[in-house]
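With mmCIF, C-alpha atoms, pLDDT in the B column; chains and numbers go by the auth columns inside, this is run.cif:
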data_query
#
loop_
_atom_site.group_PDB
_atom_site.id
_atom_site.type_symbol
_atom_site.label_atom_id
_atom_site.label_comp_id
_atom_site.label_asym_id
_atom_site.label_seq_id
_atom_site.Cartn_x
_atom_site.Cartn_y
_atom_site.Cartn_z
_atom_site.B_iso_or_equiv
_atom_site.auth_seq_id
_atom_site.auth_asym_id
ATOM 1 C CA GLN A 1 124.956 -23.331 107.363 95.00 1437 A
ATOM 2 C CA GLY A 2 125.037 -20.029 109.166 96.00 1438 A
ATOM 3 C CA CYS A 3 127.670 -17.334 109.615 97.00 1439 A
ATOM 4 C CA ASN A 4 128.222 -14.433 111.995 97.00 1440 A
ATOM 5 C CA TYR A 5 129.946 -12.363 109.298 98.00 1441 A
ATOM 6 C CA ARG A 6 128.386 -10.699 106.280 97.00 1442 A
ATOM 7 C CA CYS A 7 131.353 -10.260 103.959 96.00 1443 A
ATOM 8 C CA PRO A 8 129.957 -8.409 100.932 94.00 1444 A
ATOM 9 C CA PHE A 9 132.013 -10.524 98.522 93.00 1445 A
ATOM 10 C CA CYS A 10 130.947 -13.878 100.029 93.00 1446 A
ATOM 11 C CA HIS A 11 130.254 -16.370 97.256 90.00 1447 A
ATOM 12 C CA ASN A 12 128.172 -18.687 99.479 91.00 1448 A
ATOM 13 C CA PRO A 13 125.196 -16.487 100.430 92.00 1449 A
ATOM 14 C CA GLU A 14 122.975 -19.556 100.618 93.00 1450 A
ATOM 15 C CA LEU A 15 125.099 -20.700 103.581 94.00 1451 A
ATOM 16 C CA VAL A 16 125.036 -17.287 105.281 95.00 1452 A
ATOM 17 C CA LEU A 17 121.499 -15.937 105.028 93.00 1453 A
ATOM 18 C CA PRO A 18 118.950 -17.974 107.051 94.00 1454 A
ATOM 19 C CA GLY A 19 116.232 -17.292 104.491 93.00 1455 A
ATOM 20 C CA SER A 20 118.313 -19.069 101.856 92.00 1456 A
ATOM 21 C CA PHE A 21 119.171 -22.205 103.856 94.00 1457 A
ATOM 22 C CA ASN A 22 118.431 -25.603 102.388 94.00 1458 A
ATOM 23 C CA PRO A 23 116.963 -28.373 104.570 94.00 1459 A
ATOM 24 C CA SER A 24 119.632 -29.875 106.815 92.00 1460 A
ATOM 25 C CA ILE A 25 121.036 -33.318 106.049 95.00 1461 A
ATOM 26 C CA PRO A 26 120.787 -35.630 109.076 96.00 1462 A
ATOM 27 C CA VAL A 27 124.186 -36.307 110.636 96.00 1463 A
ATOM 28 C CA ASP A 28 123.599 -40.064 110.516 97.00 1464 A
ATOM 29 C CA ASP A 29 123.107 -39.807 106.739 97.00 1465 A
ATOM 30 C CA VAL A 30 126.441 -37.993 106.447 97.00 1466 A
ATOM 31 C CA MET A 31 128.146 -40.706 108.489 97.00 1467 A
ATOM 32 C CA ALA A 32 126.575 -43.461 106.412 97.00 1468 A
ATOM 33 C CA PHE A 33 127.883 -41.727 103.288 97.00 1469 A
ATOM 34 C CA LEU A 34 131.397 -41.534 104.756 97.00 1470 A
ATOM 35 C CA ALA A 35 131.348 -45.123 105.991 96.00 1471 A
ATOM 36 C CA LYS A 36 130.868 -46.311 102.410 96.00 1472 A
ATOM 37 C CA ARG A 37 133.837 -44.256 101.250 95.00 1473 A
ATOM 38 C CA GLN A 38 136.497 -45.486 103.615 94.00 1474 A
ATOM 39 C CA GLY A 39 139.551 -46.307 101.552 92.00 1475 A
ATOM 40 C CA GLN A 40 138.322 -44.050 98.744 95.00 1476 A
ATOM 41 C CA LEU A 41 138.570 -40.614 100.370 94.00 1477 A
ATOM 42 C CA GLN A 42 141.570 -39.295 102.267 95.00 1478 A
ATOM 43 C CA GLY A 43 140.056 -36.359 104.069 96.00 1479 A
ATOM 44 C CA ILE A 44 137.054 -34.193 104.803 97.00 1480 A
ATOM 45 C CA VAL A 45 136.843 -30.395 104.752 98.00 1481 A
ATOM 46 C CA ILE A 46 134.464 -28.759 107.214 98.00 1482 A
ATOM 47 C CA THR A 47 133.567 -25.347 105.878 96.00 1483 A
ATOM 48 C CA GLY A 48 130.654 -22.947 105.757 93.00 1484 A
ATOM 49 C CA GLY A 49 129.314 -20.451 106.649 94.00 1485 A
ATOM 50 C CA GLU A 50 131.209 -20.618 109.928 98.00 1486 A
ATOM 51 C CA PRO A 51 131.505 -24.120 111.418 98.00 1487 A
ATOM 52 C CA THR A 52 132.504 -22.978 114.921 98.00 1488 A
ATOM 53 C CA LEU A 53 129.015 -21.557 115.476 97.00 1489 A
ATOM 54 C CA HIS A 54 127.658 -25.098 115.822 96.00 1490 A
ATOM 55 C CA PRO A 55 127.762 -26.519 119.360 95.00 1491 A
ATOM 56 C CA ASP A 56 128.045 -30.103 118.110 96.00 1492 A
ATOM 57 C CA LEU A 57 131.120 -29.415 115.959 97.00 1493 A
ATOM 58 C CA LYS A 58 133.561 -31.334 118.152 97.00 1494 A
ATOM 59 C CA ASP A 59 131.338 -34.402 118.281 97.00 1495 A
ATOM 60 C CA PHE A 60 130.851 -34.182 114.521 97.00 1496 A
ATOM 61 C CA ILE A 61 134.621 -34.131 113.960 98.00 1497 A
ATOM 62 C CA ARG A 62 135.187 -37.001 116.383 97.00 1498 A
ATOM 63 C CA ARG A 63 132.747 -39.150 114.422 97.00 1499 A
ATOM 64 C CA ILE A 64 134.523 -38.315 111.161 97.00 1500 A
ATOM 65 C CA LYS A 65 137.943 -39.062 112.676 97.00 1501 A
ATOM 66 C CA ALA A 66 136.655 -42.456 113.848 96.00 1502 A
ATOM 67 C CA PHE A 67 136.546 -43.479 110.177 96.00 1503 A
ATOM 68 C CA GLY A 68 140.231 -42.628 109.813 95.00 1504 A
ATOM 69 C CA PHE A 69 139.774 -39.529 107.650 97.00 1505 A
ATOM 70 C CA LEU A 70 141.981 -36.482 107.831 98.00 1506 A
ATOM 71 C CA VAL A 71 140.013 -33.336 108.726 98.00 1507 A
ATOM 72 C CA LYS A 72 140.548 -29.771 107.568 98.00 1508 A
ATOM 73 C CA LEU A 73 138.667 -26.922 109.228 98.00 1509 A
ATOM 74 C CA ASP A 74 137.881 -23.630 107.496 98.00 1510 A
ATOM 75 C CA THR A 75 137.130 -20.791 109.914 98.00 1511 A
ATOM 76 C CA ASN A 76 136.869 -17.027 110.141 98.00 1512 A
ATOM 77 C CA GLY A 77 138.573 -17.106 113.538 98.00 1513 A
ATOM 78 C CA SER A 78 135.738 -15.391 115.377 98.00 1514 A
ATOM 79 C CA ASN A 79 135.400 -18.084 118.055 98.00 1515 A
ATOM 80 C CA PRO A 80 138.828 -18.680 119.628 98.00 1516 A
ATOM 81 C CA ASP A 81 137.393 -20.652 122.570 98.00 1517 A
ATOM 82 C CA VAL A 82 135.894 -23.238 120.222 98.00 1518 A
ATOM 83 C CA LEU A 83 139.045 -23.259 118.123 98.00 1519 A
ATOM 84 C CA ARG A 84 141.199 -23.767 121.233 98.00 1520 A
ATOM 85 C CA ALA A 85 139.135 -26.770 122.313 97.00 1521 A
ATOM 86 C CA ILE A 86 139.433 -28.356 118.879 98.00 1522 A
ATOM 87 C CA LEU A 87 143.180 -27.752 118.676 98.00 1523 A
ATOM 88 C CA ASP A 88 143.816 -28.914 122.242 96.00 1524 A
ATOM 89 C CA GLU A 89 142.069 -32.191 121.491 96.00 1525 A
ATOM 90 C CA LYS A 90 144.027 -32.502 118.222 96.00 1526 A
ATOM 91 C CA LEU A 91 140.831 -33.079 116.287 97.00 1527 A
ATOM 92 C CA VAL A 92 141.965 -31.457 113.042 98.00 1528 A
ATOM 93 C CA ASP A 93 144.920 -32.021 110.743 98.00 1529 A
ATOM 94 C CA PHE A 94 144.812 -28.676 108.951 98.00 1530 A
ATOM 95 C CA VAL A 95 143.262 -25.272 109.635 98.00 1531 A
ATOM 96 C CA ALA A 96 142.575 -22.504 107.114 98.00 1532 A
ATOM 97 C CA MET A 97 141.668 -19.120 108.575 98.00 1533 A
ATOM 98 C CA ASP A 98 140.395 -16.210 106.554 97.00 1534 A
ATOM 99 C CA ILE A 99 142.028 -12.906 107.467 98.00 1535 A
ATOM 100 C CA LYS A 100 139.467 -10.480 106.133 97.00 1536 A
ATOM 101 C CA SER A 101 141.683 -7.378 106.077 97.00 1537 A
ATOM 102 C CA SER A 102 143.956 -5.286 108.252 97.00 1538 A
ATOM 103 C CA LEU A 103 142.621 -4.596 111.733 97.00 1539 A
ATOM 104 C CA GLN A 104 141.644 -1.115 110.550 96.00 1540 A
ATOM 105 C CA GLY A 105 139.680 -2.470 107.602 96.00 1541 A
ATOM 106 C CA TYR A 106 138.370 -5.627 109.210 98.00 1542 A
ATOM 107 C CA CYS A 107 134.814 -4.589 109.976 97.00 1543 A
ATOM 108 C CA LYS A 108 134.272 -3.259 106.459 96.00 1544 A
ATOM 109 C CA ALA A 109 135.503 -6.509 104.927 97.00 1545 A
ATOM 110 C CA ALA A 110 133.572 -8.674 107.404 97.00 1546 A
ATOM 111 C CA GLY A 111 130.392 -6.642 106.986 97.00 1547 A
ATOM 112 C CA VAL A 112 129.820 -6.569 110.764 97.00 1548 A
ATOM 113 C CA PRO A 113 131.508 -5.080 113.868 97.00 1549 A
ATOM 114 C CA ALA A 114 133.965 -7.984 114.176 97.00 1550 A
ATOM 115 C CA ASP A 115 135.655 -8.645 117.530 98.00 1551 A
ATOM 116 C CA LEU A 116 139.298 -7.981 116.663 98.00 1552 A
ATOM 117 C CA ASP A 117 140.564 -9.478 119.919 98.00 1553 A
ATOM 118 C CA CYS A 118 138.978 -12.772 118.896 98.00 1554 A
ATOM 119 C CA VAL A 119 140.635 -12.557 115.487 98.00 1555 A
ATOM 120 C CA LYS A 120 144.051 -11.945 117.047 98.00 1556 A
ATOM 121 C CA ALA A 121 143.522 -14.718 119.600 98.00 1557 A
ATOM 122 C CA SER A 122 142.635 -17.217 116.871 98.00 1558 A
ATOM 123 C CA ILE A 123 145.728 -16.291 114.870 98.00 1559 A
ATOM 124 C CA ALA A 124 147.921 -16.855 117.928 97.00 1560 A
ATOM 125 C CA LEU A 125 146.239 -20.183 118.739 98.00 1561 A
ATOM 126 C CA ILE A 126 146.708 -21.517 115.232 97.00 1562 A
ATOM 127 C CA GLN A 127 150.320 -20.379 115.017 96.00 1563 A
ATOM 128 C CA ALA A 128 151.162 -22.013 118.343 96.00 1564 A
ATOM 129 C CA SER A 129 149.229 -25.229 117.720 96.00 1565 A
ATOM 130 C CA GLY A 130 151.747 -27.149 115.643 95.00 1566 A
ATOM 131 C CA VAL A 131 148.895 -28.007 113.259 97.00 1567 A
ATOM 132 C CA GLU A 132 149.446 -27.385 109.568 97.00 1568 A
ATOM 133 C CA HIS A 133 147.667 -24.219 108.557 97.00 1569 A
ATOM 134 C CA ILE A 134 147.202 -21.403 106.090 97.00 1570 A
ATOM 135 C CA PHE A 135 145.979 -17.850 106.496 97.00 1571 A
ATOM 136 C CA ARG A 136 144.336 -16.333 103.443 96.00 1572 A
ATOM 137 C CA THR A 137 142.837 -13.038 102.360 96.00 1573 A
ATOM 138 C CA THR A 138 140.326 -12.594 99.560 95.00 1574 A
ATOM 139 C CA VAL A 139 141.334 -9.490 97.629 94.00 1575 A
ATOM 140 C CA LEU A 140 138.958 -7.259 95.705 93.00 1576 A
ATOM 141 C CA LYS A 141 139.263 -3.605 94.802 91.00 1577 A
ATOM 142 C CA GLY A 142 137.663 -1.334 97.351 90.00 1578 A
ATOM 143 C CA ILE A 143 137.822 -4.007 100.064 93.00 1579 A
ATOM 144 C CA VAL A 144 141.508 -4.835 100.621 93.00 1580 A
ATOM 145 C CA SER A 145 144.348 -2.519 99.602 90.00 1581 A
ATOM 146 C CA ASP A 146 148.127 -2.931 99.327 88.00 1582 A
ATOM 147 C CA GLU A 147 148.446 -1.197 102.687 92.00 1583 A
ATOM 148 C CA ASP A 148 145.951 -3.608 104.254 94.00 1584 A
ATOM 149 C CA ILE A 149 148.024 -6.538 103.019 93.00 1585 A
ATOM 150 C CA ALA A 150 151.206 -4.986 104.387 92.00 1586 A
ATOM 151 C CA GLN A 151 149.535 -4.609 107.793 94.00 1587 A
ATOM 152 C CA ILE A 152 148.253 -8.198 107.694 95.00 1588 A
ATOM 153 C CA LYS A 153 151.813 -9.397 107.106 93.00 1589 A
ATOM 154 C CA VAL A 154 152.911 -7.468 110.200 94.00 1590 A
ATOM 155 C CA LEU A 155 150.002 -8.943 112.181 95.00 1591 A
ATOM 156 C CA LEU A 156 150.984 -12.478 111.183 95.00 1592 A
ATOM 157 C CA GLY A 157 154.699 -11.895 111.603 93.00 1593 A
ATOM 158 C CA THR A 158 155.459 -14.078 108.577 81.00 1594 A
ATOM 159 C CA THR A 159 154.256 -14.796 105.050 78.00 1595 A
ATOM 160 C CA LYS A 160 155.273 -18.463 105.157 87.00 1596 A
ATOM 161 C CA ASN A 161 151.692 -19.586 105.747 93.00 1597 A
ATOM 162 C CA TYR A 162 149.902 -16.681 104.108 94.00 1598 A
ATOM 163 C CA LYS A 163 148.378 -16.345 100.666 93.00 1599 A
ATOM 164 C CA LEU A 164 146.124 -14.011 98.760 94.00 1600 A
ATOM 165 C CA GLN A 165 142.988 -15.234 97.040 93.00 1601 A
ATOM 166 C CA ARG A 166 141.856 -13.375 93.974 91.00 1602 A
ATOM 167 C CA GLY A 167 138.263 -12.313 94.532 90.00 1603 A
ATOM 168 C CA ASN A 168 135.747 -13.458 91.952 86.00 1604 A
ATOM 169 C CA LEU A 169 132.574 -11.477 91.299 86.00 1605 A
ATOM 170 C CA ASN A 170 130.671 -14.116 89.403 77.00 1606 A
ATOM 171 C CA GLY A 171 127.240 -12.723 90.274 72.00 1607 A
ATOM 172 C CA ASN A 172 126.645 -15.045 93.243 84.00 1608 A
ATOM 173 C CA VAL A 173 127.807 -12.682 95.982 88.00 1609 A
ATOM 174 C CA LEU A 174 126.181 -11.663 99.248 91.00 1610 A
ATOM 175 C CA ASP A 175 126.102 -7.943 98.445 90.00 1611 A
ATOM 176 C CA ARG A 176 125.111 -7.536 94.827 85.00 1612 A
ATOM 177 C CA GLY A 177 126.220 -3.918 95.062 85.00 1613 A
ATOM 178 C CA MET A 178 129.727 -5.365 94.755 86.00 1614 A
ATOM 179 C CA LEU A 179 128.955 -6.009 91.096 82.00 1615 A
ATOM 180 C CA ASP A 180 128.799 -2.257 90.508 84.00 1616 A
ATOM 181 C CA GLY A 181 131.934 -1.495 92.539 79.00 1617 A
ATOM 182 C CA PRO A 182 135.594 -1.233 91.512 83.00 1618 A
ATOM 183 C CA GLY A 183 135.574 -4.937 90.702 81.00 1619 A
ATOM 184 C CA GLU A 184 138.153 -7.648 90.303 87.00 1620 A
ATOM 185 C CA TYR A 185 141.833 -7.278 89.559 89.00 1621 A
ATOM 186 C CA SER A 186 142.867 -7.896 85.964 89.00 1622 A
ATOM 187 C CA ASP A 187 145.549 -10.519 85.286 91.00 1623 A
ATOM 188 C CA ASP A 188 148.247 -7.840 85.024 92.00 1624 A
ATOM 189 C CA GLU A 189 147.031 -6.010 88.126 89.00 1625 A
ATOM 190 C CA TRP A 190 146.955 -9.250 90.079 90.00 1626 A
ATOM 191 C CA ALA A 191 150.491 -10.181 89.050 90.00 1627 A
ATOM 192 C CA ARG A 192 151.754 -6.738 90.082 86.00 1628 A
ATOM 193 C CA LEU A 193 149.920 -6.928 93.409 85.00 1629 A
ATOM 194 C CA GLN A 194 151.423 -10.341 94.196 85.00 1630 A
ATOM 195 C CA ALA A 195 154.875 -9.088 93.269 84.00 1631 A
ATOM 196 C CA ARG A 196 154.564 -5.965 95.437 78.00 1632 A
ATOM 197 C CA CYS A 197 153.265 -7.892 98.428 78.00 1633 A
ATOM 198 C CA PHE A 198 155.494 -10.944 98.381 77.00 1634 A
ATOM 199 C CA ASP A 199 158.633 -10.119 96.420 65.00 1635 A
ATOM 200 C CA ALA A 200 159.502 -6.914 98.265 49.00 1636 A
#

Can you turn what I pasted into structure tokens?
Amino acid sequence: QGCNYRCPFCHNPELVLPGSFNPSIPVDDVMAFLAKRQGQLQGIVITGGEPTLHPDLKDFIRRIKAFGFLVKLDTNGSNPDVLRAILDEKLVDFVAMDIKSSLQGYCKAAGVPADLDCVKASIALIQASGVEHIFRTTVLKGIVSDEDIAQIKVLLGTTKNYKLQRGNLNGNVLDRGMLDGPGEYSDDEWARLQARCFDA
């Protein structure tokens, strides 16, 4: 629980806003749950919110890895020092980083004055790590444009590990004003956007 971004389209507001947090589950209870599922589960995804905000993240991952599980980390890339420590210790088997928008549109999409140097540093760390990874952008009208996507592709230098996620305004979003905005892409609009961005 907890996040340093306030993306208006976030579909997990209960993990972002402190007033909406549920009681924490004791770590030992989590480990007891996982111990009973050895041989049944292949891997664990650590997501949020933003996991790298938690100072005990590395210890938490080490305990999960001790059971033999694969670990995937979801991050917004805002804490490259934490990410570097995790990658250097080879604690994760897969990393997914959200690229909120182009550098020019980043703060609007993140909902806060994001540190763009941290974003760029995290991208570079992940790309150089040798760890399997994906970069992804959630796309909604009024938040991320064709030009933003083109600039993200330049920032990444490749589209091999990049994908677009179709934003979903199902009512459970951080900024409910999004529900009155330009909205989601239709099926036809989405197909055309994918074609323009990845077939050109």

Pick out the closest residue to Val1567 in chain A from this set: A:Lys1494, A:Lys1508, A:Arg1628, A:Arg1499. Count only C-alpha atoms. A:Lys1508

Taking the file above as input, evaluate the PyMOL selection byres ((chain A and resi 1524) around 12) and report the hits as a list in words.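 What the PyMOL selection byres ((chain A and resi 1524) around 12) grabs from the file is Lys1494, Pro1516, Asp1517, Val1518, Leu1519, Arg1520, Ala1521, Ile1522, Leu1523, Glu1525, Lys1526, Leu1527, Val1528, Asp1529, Leu1561, Ile1562, Ala1564, Ser1565, Gly1566 and Val1567 of chain A.
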
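For the choices A:Gly1578, A:Ala1468, A:Thr1594, A:Leu1509, the atom-to-atom distance to Ile1480 in chain A is smallest for A:Leu1509 when using only C-alpha atoms.
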
Spell out the residues picked by the PyMOL selection byres ((chain A and resi 1614) around 10) here, as a PDB file with C-alpha atoms, in the coordinates of the input.
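Just written: result26.pdb:
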ATOM      1  CA  PRO A1444     129.957  -8.409 100.932  1.00 94.00           C
ATOM      2  CA  PHE A1445     132.013 -10.524  98.522  1.00 93.00           C
ATOM      3  CA  LEU A1576     138.958  -7.259  95.705  1.00 93.00           C
ATOM      4  CA  LYS A1577     139.263  -3.605  94.802  1.00 91.00           C
ATOM      5  CA  GLY A1578     137.663  -1.334  97.351  1.00 90.00           C
ATOM      6  CA  ILE A1579     137.822  -4.007 100.064  1.00 93.00           C
ATOM      7  CA  LEU A1605     132.574 -11.477  91.299  1.00 86.00           C
ATOM      8  CA  GLY A1607     127.240 -12.723  90.274  1.00 72.00           C
ATOM      9  CA  VAL A1609     127.807 -12.682  95.982  1.00 88.00           C
ATOM     10  CA  LEU A1610     126.181 -11.663  99.248  1.00 91.00           C
ATOM     11  CA  ASP A1611     126.102  -7.943  98.445  1.00 90.00           C
ATOM     12  CA  ARG A1612     125.111  -7.536  94.827  1.00 85.00           C
ATOM     13  CA  GLY A1613     126.220  -3.918  95.062  1.00 85.00           C
ATOM     14  CA  LEU A1615     128.955  -6.009  91.096  1.00 82.00           C
ATOM     15  CA  ASP A1616     128.799  -2.257  90.508  1.00 84.00           C
ATOM     16  CA  GLY A1617     131.934  -1.495  92.539  1.00 79.00           C
ATOM     17  CA  PRO A1618     135.594  -1.233  91.512  1.00 83.00           C
ATOM     18  CA  GLY A1619     135.574  -4.937  90.702  1.00 81.00           C
ATOM     19  CA  GLU A1620     138.153  -7.648  90.303  1.00 87.00           C
TER      20      GLU A1620
END

Interatomic distance, CA of Val1463 in chain A to CA of Ile1497 in chain A (Å, one decimal): 11.2 Å

Please write out, as lines of an AutoDock Vina configuration file, where the centre of an axis-aligned box around all listed atoms of range 1588-1593 of chain A lies and how long its edges are, in Å to one decimal, after adding 8 Å on each side.
center_x = 151.5
center_y = -10.0
center_z = 109.6
size_x = 22.4
size_y = 21.0
size_z = 21.1

Would you work out the distance separating CA of Arg1442 in chain A from CA of Pro1454 in chain A, expressed in Å to one decimal? 11.9 Å

If you count all atoms listed in the file, the residue of A:Ser1460, A:Asn1440, A:Asn1448, A:Thr1483 closest to Asn1606 in chain A turns out to be A:Asn1448

For each of A:Cys1443, A:Leu1600, A:Met1467, A:Leu1493, take the minimum atom-to-atom distance to Gly1541 in chain A, counting all atoms listed in the file, then give the residue where this is smallest. A:Cys1443

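Among A:Cys1543, A:Val1575, A:Leu1470, A:Ala1627, the residue with the shortest atom-to-atom distance to Gln1601 in chain A, counting all atoms listed in the file, is A:Val1575.
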
Please fill the gaps in range 1520-1541 of chain A so it has N, CA, C and O atoms, and write that as a PDB file, keeping the file's coordinate frame.
ATOM      1  N   ARG A1520     140.237 -23.253 120.248  1.00 98.00           N
ATOM      2  CA  ARG A1520     141.199 -23.767 121.233  1.00 98.00           C
ATOM      3  C   ARG A1520     140.848 -25.196 121.648  1.00 98.00           C
ATOM      4  O   ARG A1520     141.716 -26.077 121.716  1.00 98.00           O
ATOM      5  N   ALA A1521     139.565 -25.433 121.898  1.00 97.00           N
ATOM      6  CA  ALA A1521     139.135 -26.770 122.313  1.00 97.00           C
ATOM      7  C   ALA A1521     139.408 -27.808 121.233  1.00 97.00           C
ATOM      8  O   ALA A1521     139.846 -28.930 121.526  1.00 97.00           O
ATOM      9  N   ILE A1522     139.194 -27.437 119.995  1.00 98.00           N
ATOM     10  CA  ILE A1522     139.433 -28.356 118.879  1.00 98.00           C
ATOM     11  C   ILE A1522     140.922 -28.634 118.716  1.00 98.00           C
ATOM     12  O   ILE A1522     141.347 -29.782 118.521  1.00 98.00           O
ATOM     13  N   LEU A1523     141.734 -27.583 118.823  1.00 98.00           N
ATOM     14  CA  LEU A1523     143.180 -27.752 118.676  1.00 98.00           C
ATOM     15  C   LEU A1523     143.769 -28.517 119.856  1.00 98.00           C
ATOM     16  O   LEU A1523     144.657 -29.366 119.678  1.00 98.00           O
ATOM     17  N   ASP A1524     143.296 -28.222 121.063  1.00 96.00           N
ATOM     18  CA  ASP A1524     143.816 -28.914 122.242  1.00 96.00           C
ATOM     19  C   ASP A1524     143.553 -30.408 122.176  1.00 96.00           C
ATOM     20  O   ASP A1524     144.372 -31.219 122.636  1.00 96.00           O
ATOM     21  N   GLU A1525     142.423 -30.773 121.598  1.00 96.00           N
ATOM     22  CA  GLU A1525     142.069 -32.191 121.491  1.00 96.00           C
ATOM     23  C   GLU A1525     142.663 -32.831 120.234  1.00 96.00           C
ATOM     24  O   GLU A1525     142.474 -34.022 119.995  1.00 96.00           O
ATOM     25  N   LYS A1526     143.387 -32.021 119.460  1.00 96.00           N
ATOM     26  CA  LYS A1526     144.027 -32.502 118.222  1.00 96.00           C
ATOM     27  C   LYS A1526     143.027 -33.183 117.291  1.00 96.00           C
ATOM     28  O   LYS A1526     143.273 -34.258 116.732  1.00 96.00           O
ATOM     29  N   LEU A1527     141.900 -32.516 117.110  1.00 97.00           N
ATOM     30  CA  LEU A1527     140.831 -33.079 116.287  1.00 97.00           C
ATOM     31  C   LEU A1527     141.004 -32.797 114.803  1.00 97.00           C
ATOM     32  O   LEU A1527     140.356 -33.454 113.982  1.00 97.00           O
ATOM     33  N   VAL A1528     141.817 -31.812 114.454  1.00 98.00           N
ATOM     34  CA  VAL A1528     141.965 -31.457 113.042  1.00 98.00           C
ATOM     35  C   VAL A1528     143.420 -31.593 112.611  1.00 98.00           C
ATOM     36  O   VAL A1528     144.349 -31.477 113.412  1.00 98.00           O
ATOM     37  N   ASP A1529     143.588 -31.836 111.317  1.00 98.00           N
ATOM     38  CA  ASP A1529     144.920 -32.021 110.743  1.00 98.00           C
ATOM     39  C   ASP A1529     145.397 -30.796 109.979  1.00 98.00           C
ATOM     40  O   ASP A1529     146.576 -30.691 109.656  1.00 98.00           O
ATOM     41  N   PHE A1530     144.474 -29.885 109.694  1.00 98.00           N
ATOM     42  CA  PHE A1530     144.812 -28.676 108.951  1.00 98.00           C
ATOM     43  C   PHE A1530     143.748 -27.629 109.262  1.00 98.00           C
ATOM     44  O   PHE A1530     142.572 -27.956 109.375  1.00 98.00           O
ATOM     45  N   VAL A1531     144.188 -26.374 109.406  1.00 98.00           N
ATOM     46  CA  VAL A1531     143.262 -25.272 109.635  1.00 98.00           C
ATOM     47  C   VAL A1531     143.532 -24.183 108.605  1.00 98.00           C
ATOM     48  O   VAL A1531     144.690 -23.813 108.370  1.00 98.00           O
ATOM     49  N   ALA A1532     142.480 -23.671 107.995  1.00 98.00           N
ATOM     50  CA  ALA A1532     142.575 -22.504 107.114  1.00 98.00           C
ATOM     51  C   ALA A1532     141.735 -21.395 107.732  1.00 98.00           C
ATOM     52  O   ALA A1532     140.555 -21.589 108.014  1.00 98.00           O
ATOM     53  N   MET A1533     142.387 -20.256 107.994  1.00 98.00           N
ATOM     54  CA  MET A1533     141.668 -19.120 108.575  1.00 98.00           C
ATOM     55  C   MET A1533     141.686 -17.958 107.608  1.00 98.00           C
ATOM     56  O   MET A1533     142.737 -17.580 107.091  1.00 98.00           O
ATOM     57  N   ASP A1534     140.506 -17.400 107.395  1.00 97.00           N
ATOM     58  CA  ASP A1534     140.395 -16.210 106.554  1.00 97.00           C
ATOM     59  C   ASP A1534     140.738 -14.971 107.376  1.00 97.00           C
ATOM     60  O   ASP A1534     140.122 -14.727 108.415  1.00 97.00           O
ATOM     61  N   ILE A1535     141.720 -14.220 106.899  1.00 98.00           N
ATOM     62  CA  ILE A1535     142.028 -12.906 107.467  1.00 98.00           C
ATOM     63  C   ILE A1535     141.362 -11.902 106.550  1.00 98.00           C
ATOM     64  O   ILE A1535     141.780 -11.712 105.407  1.00 98.00           O
ATOM     65  N   LYS A1536     140.301 -11.274 107.023  1.00 97.00           N
ATOM     66  CA  LYS A1536     139.467 -10.480 106.133  1.00 97.00           C
ATOM     67  C   LYS A1536     140.160  -9.227 105.616  1.00 97.00           C
ATOM     68  O   LYS A1536     139.975  -8.836 104.469  1.00 97.00           O
ATOM     69  N   SER A1537     140.969  -8.590 106.469  1.00 97.00           N
ATOM     70  CA  SER A1537     141.683  -7.378 106.077  1.00 97.00           C
ATOM     71  C   SER A1537     142.631  -7.012 107.208  1.00 97.00           C
ATOM     72  O   SER A1537     142.833  -7.798 108.141  1.00 97.00           O
ATOM     73  N   SER A1538     143.210  -5.821 107.124  1.00 97.00           N
ATOM     74  CA  SER A1538     143.956  -5.286 108.252  1.00 97.00           C
ATOM     75  C   SER A1538     142.985  -5.049 109.400  1.00 97.00           C
ATOM     76  O   SER A1538     141.758  -5.028 109.205  1.00 97.00           O
ATOM     77  N   LEU A1539     143.505  -4.863 110.598  1.00 97.00           N
ATOM     78  CA  LEU A1539     142.621  -4.596 111.733  1.00 97.00           C
ATOM     79  C   LEU A1539     141.772  -3.354 111.489  1.00 97.00           C
ATOM     80  O   LEU A1539     140.598  -3.304 111.862  1.00 97.00           O
ATOM     81  N   GLN A1540     142.369  -2.356 110.828  1.00 96.00           N
ATOM     82  CA  GLN A1540     141.644  -1.115 110.550  1.00 96.00           C
ATOM     83  C   GLN A1540     140.502  -1.335 109.565  1.00 96.00           C
ATOM     84  O   GLN A1540     139.463  -0.673 109.638  1.00 96.00           O
ATOM     85  N   GLY A1541     140.694  -2.240 108.626  1.00 96.00           N
ATOM     86  CA  GLY A1541     139.680  -2.470 107.602  1.00 96.00           C
ATOM     87  C   GLY A1541     138.812  -3.684 107.832  1.00 96.00           C
ATOM     88  O   GLY A1541     137.983  -4.034 106.986  1.00 96.00           O
TER      89      GLY A1541
END
